[in-house]
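Notes follow once the structure below has been shown.
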Amino acid sequence: MTGATVFWYASRATGIVALLLLTAVLVLGMVVNRQGRLPGLPRFAVTDLHRNLSLLSVAFIAVHVLTAVLDTYVSIPLAAGVVPFASGYERLWLGLGAISFDLMLAMIVTSLVRGRLNRILWRAIHLLAYLTWPVAFVHSIGASKDLQQGWLLGLTVGCGIVVVAAVAWRLAGVARQVPRAARVAHMFARHDATSGQAAPRRTRQGASR
Amino acid sequence: MADTLRVNPINCTGHGVCAELLPELVSLDEWGYPLVDPRPVPPALDRDARRAVAGCPALALRLTRAEEPASR
Amino acid sequence: MHESAPNYPAPRRAAQQGAGLPRLLPATPEDLRAHLARYGPLPYREMPGLLIDDVETAGLTGRGGAAFPVYRKLAAVARARGNRKVIVANGAESEPASRKDELLLRLAPNLVLDGLQLAAEAAGVTEAHLYLHAAGPEILRALAERAARRLDRIDVSITQAPPRFLAGQETALINRIGGGPALPTFQPPRVTERGLGGAPTLVQNVETLAHLALIARYGPRWFRAAGTGSEPGSMLLTVYQPHSKPLVTEAEIGAPLASMLPAGQTGPGPEVQAWLVGGYHGSWLPLPDAAGLRLSNESLRPFGAAAGAGVLVALPAGRCGLAETARVVRYLAAESAGQCGPCLNGLPRIATALAELAGPKPRRQVREDAERWAGLVTGRGACHHPDGTVRFVRSALTVFGPEIARHAQGRCSAANREPFLPLPASLPTREEDWI
């Protein structure tokens with residue numbers, strides 16, 4: 001691409017970093033749900049990291065959009081950052097980016113007022129994460145030739161593999177969950193099996209969320 | 001300003017973040033569920049208490065104004 | 001309906017003795033005409049506050065087990081804001097050993113329904129529900145007869161309660177009537193503020209409503225003519241004793257328990273080894289120490305007991321109190337909603353520990369474990385199921401302490417291993433069992 005400006009480079013770079021950050025945020029969210037730990041770190045590190053990286057991602061995406069708009073080589077209206085398909089240039093791919101960013105903003109705003117929001121509503125919106133990431137992923141590959149070759153392609157594919165593995169792990173957690181009406185019976189069965197030893201593991205009442 | 005910490009035991013799934021953020025008032029039982037000091041939160045710990053409430057992934061920890069009687 | 005083991009038939013009403021009793025139970029079921037002939041017309045007050053004052057003066061407390069002052073609930077709902085207010089007559093007698101509500105609804109359904117209408121009027125209620133395990137022919141006939149006479153000012157809807165121990169719990173019943181399962185919810189605002197569908201809700205046991213219907217007719221002074229100064233009135237009891245079918249009787253509060261239950265030696269050997277007062281969330285009492293106690297919370301409190309929903313059991317001497325307790329606690333654990341971590345983890349472990357204590361040569365550690373877990377579950381559930389269970393367990397560990405020592409040596413003083421305390425045959429396994 002001739003006449004590439006600083007803005008254009010900045011937009012591409014922040015976009016790549018944003019994709020990596022979003023991958024990390026999604027995976028961390030699943031780790032929180034499954035009460036997993038990051039080795040050597042306290043439990044609140046997982047929740048705080050998930051939250052802080054999500055805010056950092058928004059910052060990077062804001063710069064990513066702004067620099068793309070400021071770059072004069074192609075004409076992208078500022079509104080295209082949040083209004084899907086408002087850009088003449090690469091309408092579809094940028095439109096997906098806007099959709100993904102909108103979903104992200106919904107998740108973050110609802111999370112900031114979590115204490116005052118109905119829990120079911122908050123959860124329903126937060127589950128949109130599983131839509132947000134794939135849309136962002138497709139936007140990344142479609143909108144940038146960079147990611148379609150070389151080691152950046154490898155990075156992108158790597159993110160995809162990590163997310164697929166994490167989702168599989170998350171779904172395995174769901175499968176292991178004991179339905180409420182069966183929990184006590186399950187508890188008795190486990191206890192009888194370890195006959196007599198005060199079982200150190202506990203039965204969790206899992207997602208009644 | 002006598003706020004007390006209360007756990008919603010139905011929402012609580014034992015993440016244990018509260019006990020890390022507020023060890024002065026919250027400890028974990030042998031199954032990982034929180035044991036919360038029922039007395040009013042001392043003013044010095046008020047900020048930490050609010051952080052703990054905000055930090056609960058299940059939104060199971062609340063700061064309540066007065067002594068709320070439990071349902072029967 | 002509970003299928004009680006061991007083979008207890010439907011309860012009979014005991015032949016009554018004592019000042020002014022029976023108040024609530026006629027000898028045979030009474031239809032509307034007989035009811036009105038006996039008690040007179042339904043005394044609507046037309047002014048809400050009057051009945052509440054009378055109920056306060058009378059000192060009526062709830063007969064569902066919690067003994068909460070009735071006038072306070074009435075007043076709370078009366079002064080609550082909102083166009084919609086609800087009353088629930090709670091006839092879901094979920095305690096397997098209690099049969100008094102069942103009998104009351106069979107013999108005197110109109111008394112209960114009178115109380116329902118009067119309480120509804122006093123509290124400004126717009127919507128009425130009757131919550132039962134099974135609506136028998138007598139209550140259905142009573143509702144039909146009253147409808148024909150246009151006696152009731154508010155229509156009563158019947159909702160069926162599942163056969164769960166927690167089905168009668170206040171928030172669980174609101175959940176059930178609202179269309180969901182009979183599972184307790186965590187509700188910091190009281191149901192009198194926000195209950196069914198968010199409306200202020202008055203929940204009263206059916207026996208409580210029956211007493212209220214009589215207070216409305218005869219006044220608070222009449223009500224206080226029985227009972228004690230601090231605990232006035234009478235209450236229904238379900239009584240179990242050796243060599244006898246269960247009986248439902250009515251007694252003055254404050255009456256000596258020994259007048260209702262055998263206390264010990266009547267023949268060659270001790271016939272009764274211990275009493276259970278208050279049902280499966282109640283307390284075991286040692287004999288002969290407790291023989292002088294009275295049927296009042298004031299008398300029972302020093303022994304860690306309360307009258308509860310009026311279940312009295314005299315445990316025969318030839319049984320193992322630990323085995324009986326273990327069976328009941330296994331049932332109580334199985335009936336946990338499984339929603340709260342401490343209850344879900346603690347109750348099954350306590351049940352298993354008691355089963356080991358009830359068997360031969362329990363390990364020393366088992367009793368310590370049971371006591372530790374009992375301490376861990378108290379007060380940490382959304383409802384009081386763990387608390388009540390722990391009360392029952394702790395009283396058993398105290399009263400049957402000597403038996404624990406015998407078991408530790410491989411002996412048991414029981415000659416008869418047949419179960420004495422009644423329990424339902426089926427336990428909940430699926431989500432549908434809670435609806």
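Letters for chains follow the order of the structure tokens (A, B, ...), residue numbers begin at 1 for each chain, and ligand numbers begin at 1 in the order shown.
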
- Can you list, as a PyMOL selection string, every protein, DNA or RNA residue that comes within 12 Å of B:Asp46 when you count only C-alpha atoms, leaving out same-chain residues fewer than 5 positions away? chain B and resi 1-5+21-22+24-25+40-41+51-53+63

- Message: List the spatial neighbours of B:Val26 as number ranges by chain - criterion: any atom at most 12 Å away, only C-alpha atoms, same-chain residues fewer than 4 positions off excluded.
- Response: B: 4-7, 16-22, 32-39, 41, 45, 48-49, 52-53, 61

- Return the neighbours of chain A among the residues of chain C, cut-off 8 Å, counting only C-alpha atoms, as a list of chain:residue names.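 Close to chain A, chain C has C:Ala333, C:Ala334, C:Ser336, C:Ala337, C:Gly338, C:Gln339, C:Cys340, C:Gly341, C:Leu344, C:Asn345, C:Pro348, C:Arg349, C:Thr352, C:Asp369, C:Pro428, C:Thr429, C:Arg430, C:Glu431.
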
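Within 8 Å of chain A, and using only C-alpha atoms, the residues found on chain B are Ile10, Asn11, Thr13, Gly14, His15, Gly16, Val17, Glu20, Leu21, Glu30, Trp31, Gly32, Ala54, Gly55, Pro57, Ala58 and Leu59 of chain B.
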
Same residues, N, CA, C and O atoms, output as a PDB file, in the first residue's frame:
ATOM      1  N   ILE B  10     -27.856 -18.506  48.056  1.00  0.00           N
ATOM      2  CA  ILE B  10     -28.292 -19.199  46.845  1.00  0.00           C
ATOM      3  C   ILE B  10     -27.399 -18.799  45.673  1.00  0.00           C
ATOM      4  O   ILE B  10     -27.014 -19.626  44.852  1.00  0.00           O
ATOM      5  N   ASN B  11     -27.036 -17.524  45.594  1.00  0.00           N
ATOM      6  CA  ASN B  11     -26.179 -17.064  44.505  1.00  0.00           C
ATOM      7  C   ASN B  11     -24.719 -17.434  44.714  1.00  0.00           C
ATOM      8  O   ASN B  11     -23.976 -17.598  43.753  1.00  0.00           O
ATOM      9  N   THR B  13     -21.456 -19.313  44.993  1.00  0.00           N
ATOM     10  CA  THR B  13     -20.977 -20.632  44.581  1.00  0.00           C
ATOM     11  C   THR B  13     -19.559 -20.883  45.075  1.00  0.00           C
ATOM     12  O   THR B  13     -18.873 -21.775  44.601  1.00  0.00           O
ATOM     13  N   GLY B  14     -19.126 -20.061  46.024  1.00  0.00           N
ATOM     14  CA  GLY B  14     -17.840 -20.337  46.657  1.00  0.00           C
ATOM     15  C   GLY B  14     -16.625 -19.964  45.824  1.00  0.00           C
ATOM     16  O   GLY B  14     -15.635 -20.673  45.842  1.00  0.00           O
ATOM     17  N   HIS B  15     -16.676 -18.847  45.093  1.00  0.00           N
ATOM     18  CA  HIS B  15     -15.473 -18.405  44.368  1.00  0.00           C
ATOM     19  C   HIS B  15     -14.344 -18.078  45.324  1.00  0.00           C
ATOM     20  O   HIS B  15     -13.187 -18.316  45.032  1.00  0.00           O
ATOM     21  N   GLY B  16     -14.703 -17.454  46.450  1.00  0.00           N
ATOM     22  CA  GLY B  16     -13.678 -17.176  47.456  1.00  0.00           C
ATOM     23  C   GLY B  16     -12.939 -15.871  47.273  1.00  0.00           C
ATOM     24  O   GLY B  16     -11.977 -15.592  47.993  1.00  0.00           O
ATOM     25  N   VAL B  17     -13.373 -15.044  46.318  1.00  0.00           N
ATOM     26  CA  VAL B  17     -12.686 -13.763  46.109  1.00  0.00           C
ATOM     27  C   VAL B  17     -12.872 -12.855  47.325  1.00  0.00           C
ATOM     28  O   VAL B  17     -11.958 -12.137  47.736  1.00  0.00           O
ATOM     29  N   GLU B  20     -10.364 -13.230  50.033  1.00  0.00           N
ATOM     30  CA  GLU B  20      -9.043 -12.675  49.720  1.00  0.00           C
ATOM     31  C   GLU B  20      -9.034 -11.165  49.857  1.00  0.00           C
ATOM     32  O   GLU B  20      -8.057 -10.583  50.325  1.00  0.00           O
ATOM     33  N   LEU B  21     -10.125 -10.523  49.454  1.00  0.00           N
ATOM     34  CA  LEU B  21     -10.154  -9.065  49.469  1.00  0.00           C
ATOM     35  C   LEU B  21     -10.470  -8.499  50.849  1.00  0.00           C
ATOM     36  O   LEU B  21     -10.192  -7.335  51.119  1.00  0.00           O
ATOM     37  N   GLU B  30     -14.644 -25.187  55.366  1.00  0.00           N
ATOM     38  CA  GLU B  30     -13.894 -26.295  54.763  1.00  0.00           C
ATOM     39  C   GLU B  30     -14.410 -26.667  53.375  1.00  0.00           C
ATOM     40  O   GLU B  30     -13.798 -27.475  52.678  1.00  0.00           O
ATOM     41  N   TRP B  31     -15.559 -26.077  52.974  1.00  0.00           N
ATOM     42  CA  TRP B  31     -16.074 -26.362  51.632  1.00  0.00           C
ATOM     43  C   TRP B  31     -15.866 -25.179  50.689  1.00  0.00           C
ATOM     44  O   TRP B  31     -16.304 -25.213  49.552  1.00  0.00           O
ATOM     45  N   GLY B  32     -15.229 -24.120  51.180  1.00  0.00           N
ATOM     46  CA  GLY B  32     -14.961 -22.965  50.335  1.00  0.00           C
ATOM     47  C   GLY B  32     -16.025 -21.894  50.373  1.00  0.00           C
ATOM     48  O   GLY B  32     -15.979 -20.954  49.588  1.00  0.00           O
ATOM     49  N   ALA B  54     -18.043  -5.578  45.098  1.00  0.00           N
ATOM     50  CA  ALA B  54     -17.945  -5.408  43.651  1.00  0.00           C
ATOM     51  C   ALA B  54     -17.191  -6.552  43.007  1.00  0.00           C
ATOM     52  O   ALA B  54     -17.409  -6.883  41.847  1.00  0.00           O
ATOM     53  N   GLY B  55     -16.298  -7.171  43.753  1.00  0.00           N
ATOM     54  CA  GLY B  55     -15.437  -8.205  43.188  1.00  0.00           C
ATOM     55  C   GLY B  55     -16.047  -9.591  43.134  1.00  0.00           C
ATOM     56  O   GLY B  55     -15.465 -10.494  42.545  1.00  0.00           O
ATOM     57  N   PRO B  57     -17.803 -12.514  41.761  1.00  0.00           N
ATOM     58  CA  PRO B  57     -18.252 -12.862  40.404  1.00  0.00           C
ATOM     59  C   PRO B  57     -19.728 -13.249  40.350  1.00  0.00           C
ATOM     60  O   PRO B  57     -20.356 -13.117  39.311  1.00  0.00           O
ATOM     61  N   ALA B  58     -20.268 -13.721  41.465  1.00  0.00           N
ATOM     62  CA  ALA B  58     -21.661 -14.164  41.474  1.00  0.00           C
ATOM     63  C   ALA B  58     -22.602 -13.096  42.006  1.00  0.00           C
ATOM     64  O   ALA B  58     -23.802 -13.348  42.111  1.00  0.00           O
ATOM     65  N   LEU B  59     -22.072 -11.910  42.346  1.00  0.00           N
ATOM     66  CA  LEU B  59     -22.888 -10.841  42.938  1.00  0.00           C
ATOM     67  C   LEU B  59     -23.638 -11.344  44.153  1.00  0.00           C
ATOM     68  O   LEU B  59     -24.804 -11.013  44.365  1.00  0.00           O
TER      69      LEU B  59
END

Skipping near chain neighbours, those fewer than 5 positions away, what residues fall within 10 Å of A:Ala80 using only C-alpha atoms, listed as a short mmCIF file (atom, residue, chain, number, x, y, z; two decimals) with N, CA, C and O atoms, in the first residue's frame?
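What landed in part-v2.cif:
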data_model
loop_
_atom_site.label_atom_id
_atom_site.label_comp_id
_atom_site.auth_asym_id
_atom_site.auth_seq_id
_atom_site.Cartn_x
_atom_site.Cartn_y
_atom_site.Cartn_z
N VAL A 65 -9.81 2.61 16.03
CA VAL A 65 -10.84 3.24 15.20
C VAL A 65 -10.43 4.67 14.85
O VAL A 65 -10.51 5.10 13.69
N VAL A 69 -9.76 6.40 11.17
CA VAL A 69 -10.55 7.53 10.69
C VAL A 69 -9.63 8.68 10.27
O VAL A 69 -9.83 9.32 9.24
N PHE A 85 -21.72 -0.83 9.14
CA PHE A 85 -21.88 -0.64 7.69
C PHE A 85 -22.04 0.82 7.28
O PHE A 85 -22.64 1.13 6.26
N ALA A 86 -21.48 1.73 8.09
CA ALA A 86 -21.56 3.15 7.75
C ALA A 86 -20.38 3.60 6.90
O ALA A 86 -20.31 4.74 6.49
N SER A 87 -19.45 2.69 6.66
CA SER A 87 -18.26 3.07 5.91
C SER A 87 -18.37 2.62 4.46
O SER A 87 -18.80 1.50 4.18
N GLY A 88 -17.96 3.48 3.56
CA GLY A 88 -17.94 3.08 2.16
C GLY A 88 -16.81 2.11 1.89
O GLY A 88 -16.95 1.13 1.16
N ARG A 91 -17.07 -2.00 3.45
CA ARG A 91 -18.28 -1.86 4.24
C ARG A 91 -18.55 -3.07 5.15
O ARG A 91 -18.84 -2.93 6.33
N LEU A 94 -15.65 -3.77 8.05
CA LEU A 94 -15.68 -2.73 9.07
C LEU A 94 -17.00 -2.74 9.82
O LEU A 94 -17.07 -2.42 11.00
N GLY A 95 -18.05 -3.08 9.10
CA GLY A 95 -19.36 -3.20 9.75
C GLY A 95 -19.33 -4.24 10.86
O GLY A 95 -19.88 -4.04 11.96
N GLY A 97 -16.75 -5.06 12.52
CA GLY A 97 -15.99 -4.47 13.62
C GLY A 97 -16.86 -3.59 14.50
O GLY A 97 -16.79 -3.65 15.73
N ALA A 98 -17.71 -2.80 13.84
CA ALA A 98 -18.60 -1.92 14.61
C ALA A 98 -19.57 -2.74 15.46
O ALA A 98 -19.83 -2.40 16.62
N ILE A 99 -20.10 -3.79 14.89
CA ILE A 99 -21.03 -4.65 15.64
C ILE A 99 -20.34 -5.21 16.88
O ILE A 99 -20.86 -5.17 18.00
#

- Would you give me, as a PyMOL selection string, the residues of chain C that come within 7 Å of chain B, using only C-alpha atoms? chain C and resi 169-170+186-188+190+339-342+380-384

- Message: List the spatial neighbours of C:Phe420 as number ranges by chain - criterion: any atom at most 12 Å away, only C-alpha atoms, same-chain residues fewer than 4 positions off excluded.
- Response: C: 4-8, 97, 240-246, 276, 313-325, 327-328, 416

Please dump the current selection as a compact mmCIF listing (two decimals), in the first residue's frame; keep N, CA, C and O atoms.
# COMPACT_ATOMS: atom_id res chain seq x y z
N SER C 4 -47.23 -42.33 55.20
CA SER C 4 -46.30 -42.40 56.32
C SER C 4 -45.91 -43.82 56.63
O SER C 4 -46.72 -44.72 56.63
N ALA C 5 -44.65 -43.99 56.86
CA ALA C 5 -44.16 -45.25 57.41
C ALA C 5 -43.87 -44.95 58.85
O ALA C 5 -43.36 -43.89 59.12
N PRO C 6 -44.10 -45.76 59.80
CA PRO C 6 -44.62 -47.10 59.61
C PRO C 6 -46.14 -47.18 59.76
O PRO C 6 -46.66 -47.05 60.84
N ASN C 7 -46.84 -47.36 58.64
CA ASN C 7 -48.25 -47.75 58.66
C ASN C 7 -49.17 -47.02 59.62
O ASN C 7 -50.04 -47.63 60.21
N TYR C 8 -48.95 -45.70 59.78
CA TYR C 8 -49.85 -44.99 60.65
C TYR C 8 -51.11 -44.65 59.89
O TYR C 8 -51.05 -44.08 58.81
N ALA C 97 -44.63 -35.75 60.68
CA ALA C 97 -45.25 -36.22 61.92
C ALA C 97 -46.47 -35.39 62.31
O ALA C 97 -47.18 -35.76 63.23
N TYR C 240 -47.86 -38.94 69.45
CA TYR C 240 -47.47 -40.32 69.19
C TYR C 240 -47.02 -40.98 70.49
O TYR C 240 -46.17 -40.43 71.18
N GLN C 241 -47.60 -42.12 70.82
CA GLN C 241 -47.12 -42.83 72.00
C GLN C 241 -47.08 -44.32 71.71
O GLN C 241 -47.67 -44.78 70.75
N PRO C 242 -46.37 -45.04 72.58
CA PRO C 242 -46.25 -46.49 72.37
C PRO C 242 -47.63 -47.14 72.40
O PRO C 242 -48.52 -46.71 73.14
N HIS C 243 -47.80 -48.16 71.59
CA HIS C 243 -49.01 -48.98 71.57
C HIS C 243 -50.25 -48.15 71.28
O HIS C 243 -51.33 -48.43 71.81
N SER C 244 -50.11 -47.13 70.47
CA SER C 244 -51.28 -46.30 70.21
C SER C 244 -51.19 -45.71 68.82
O SER C 244 -50.11 -45.52 68.29
N LYS C 245 -52.34 -45.43 68.24
CA LYS C 245 -52.34 -44.73 66.96
C LYS C 245 -52.11 -43.24 67.24
O LYS C 245 -52.40 -42.76 68.33
N PRO C 246 -51.63 -42.52 66.21
CA PRO C 246 -51.44 -41.09 66.45
C PRO C 246 -52.78 -40.39 66.68
O PRO C 246 -53.78 -40.73 66.05
N LEU C 276 -39.98 -36.26 72.16
CA LEU C 276 -39.61 -35.34 71.09
C LEU C 276 -40.69 -34.28 71.02
O LEU C 276 -41.88 -34.62 70.90
N VAL C 313 -43.95 -36.57 70.71
CA VAL C 313 -43.67 -37.99 70.55
C VAL C 313 -43.08 -38.54 71.84
O VAL C 313 -42.18 -37.94 72.42
N ALA C 314 -43.64 -39.66 72.27
CA ALA C 314 -43.05 -40.37 73.40
C ALA C 314 -42.34 -41.59 72.83
O ALA C 314 -42.98 -42.52 72.33
N LEU C 315 -41.03 -41.59 72.86
CA LEU C 315 -40.27 -42.68 72.26
C LEU C 315 -40.22 -43.88 73.21
O LEU C 315 -39.76 -43.76 74.34
N PRO C 316 -40.71 -45.02 72.73
CA PRO C 316 -40.73 -46.21 73.59
C PRO C 316 -39.32 -46.62 74.00
O PRO C 316 -38.34 -46.35 73.30
N ALA C 317 -39.26 -47.33 75.11
CA ALA C 317 -37.96 -47.67 75.67
C ALA C 317 -37.19 -48.66 74.82
O ALA C 317 -35.98 -48.64 74.80
N GLY C 318 -37.86 -49.52 74.11
CA GLY C 318 -37.14 -50.57 73.40
C GLY C 318 -36.52 -50.16 72.08
O GLY C 318 -35.98 -50.98 71.34
N ARG C 319 -36.59 -48.88 71.73
CA ARG C 319 -36.06 -48.43 70.43
C ARG C 319 -34.71 -47.75 70.61
O ARG C 319 -34.36 -47.33 71.70
N CYS C 320 -34.01 -47.62 69.49
CA CYS C 320 -32.74 -46.89 69.52
C CYS C 320 -32.98 -45.46 69.06
O CYS C 320 -33.32 -45.22 67.90
N GLY C 321 -32.82 -44.52 69.99
CA GLY C 321 -33.04 -43.12 69.67
C GLY C 321 -32.10 -42.62 68.59
O GLY C 321 -32.46 -41.77 67.78
N LEU C 322 -30.88 -43.17 68.55
CA LEU C 322 -29.93 -42.75 67.53
C LEU C 322 -30.37 -43.21 66.15
O LEU C 322 -30.27 -42.47 65.17
N ALA C 323 -30.88 -44.43 66.09
CA ALA C 323 -31.34 -44.94 64.80
C ALA C 323 -32.53 -44.13 64.29
O ALA C 323 -32.62 -43.80 63.11
N GLU C 324 -33.45 -43.83 65.21
CA GLU C 324 -34.60 -43.01 64.82
C GLU C 324 -34.12 -41.65 64.31
O GLU C 324 -34.58 -41.16 63.28
N THR C 325 -33.22 -41.04 65.05
CA THR C 325 -32.69 -39.73 64.66
C THR C 325 -31.98 -39.81 63.31
O THR C 325 -32.18 -38.95 62.45
N ARG C 327 -32.44 -41.84 60.85
CA ARG C 327 -33.39 -41.98 59.74
C ARG C 327 -34.02 -40.64 59.41
O ARG C 327 -34.16 -40.27 58.24
N VAL C 328 -34.39 -39.90 60.44
CA VAL C 328 -35.04 -38.61 60.21
C VAL C 328 -34.07 -37.63 59.56
O VAL C 328 -34.43 -36.91 58.62
N ASN C 416 -36.07 -53.46 69.72
CA ASN C 416 -36.96 -53.37 68.57
C ASN C 416 -36.33 -52.43 67.55
O ASN C 416 -36.14 -51.25 67.81

- Item | Gap from atom CA of C:Arg63 to atom CA of C:Leu212 - Å, one decimal | 11.0 Å

- Message: Run DSSP on the backbone and tell me which residues of chain B come out as alpha helix (DSSP H); list them as a ChimeraX atom specification.
- Response: /B:17-21,46-55

- Message: Would you pick out the contacts of C:Ala89 at 9 Å or less, using only C-alpha atoms, so that residues sharing its chain but fewer than 4 positions from it are not included, and give the list as a ChimeraX atom specification?
- Response: /C:112-113,116,128-132,202-206,209

- Message: Would you pick out the contacts of A:Ala13 at 12 Å or less, using only C-alpha atoms, so that residues sharing its chain but fewer than 2 positions from it are not included, and give the list as an MDAnalysis selection string?
- Response: chainID A and resid 6:11 15:20 60:61 63:65 67:68 140 144 146:147 152

- Message: If DSSP is run on the backbone, what residues of stretch 16-56 of chain B are strand (DSSP E)? A reply as a list in words would be ideal.
- Response: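 Matching residues for strand (DSSP E) in stretch 16-56 of chain B are Val26, Ser27, Leu28, Pro34, Leu35 and Val36 of chain B.
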
- Please measure the separation of atom CA of A:Ala166 and atom CA of A:Ala24, giving the value in Å to one decimal.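 Taking atom CA of A:Ala166 and atom CA of A:Ala24, their separation equals 10.5 Å.
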
- Query: Which distance in Å separates atom CA of C:Leu25 and atom CA of C:Asn297, to one decimal?
  - Reply: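 Separation between atom CA of C:Leu25 and atom CA of C:Asn297: 23.2 Å.
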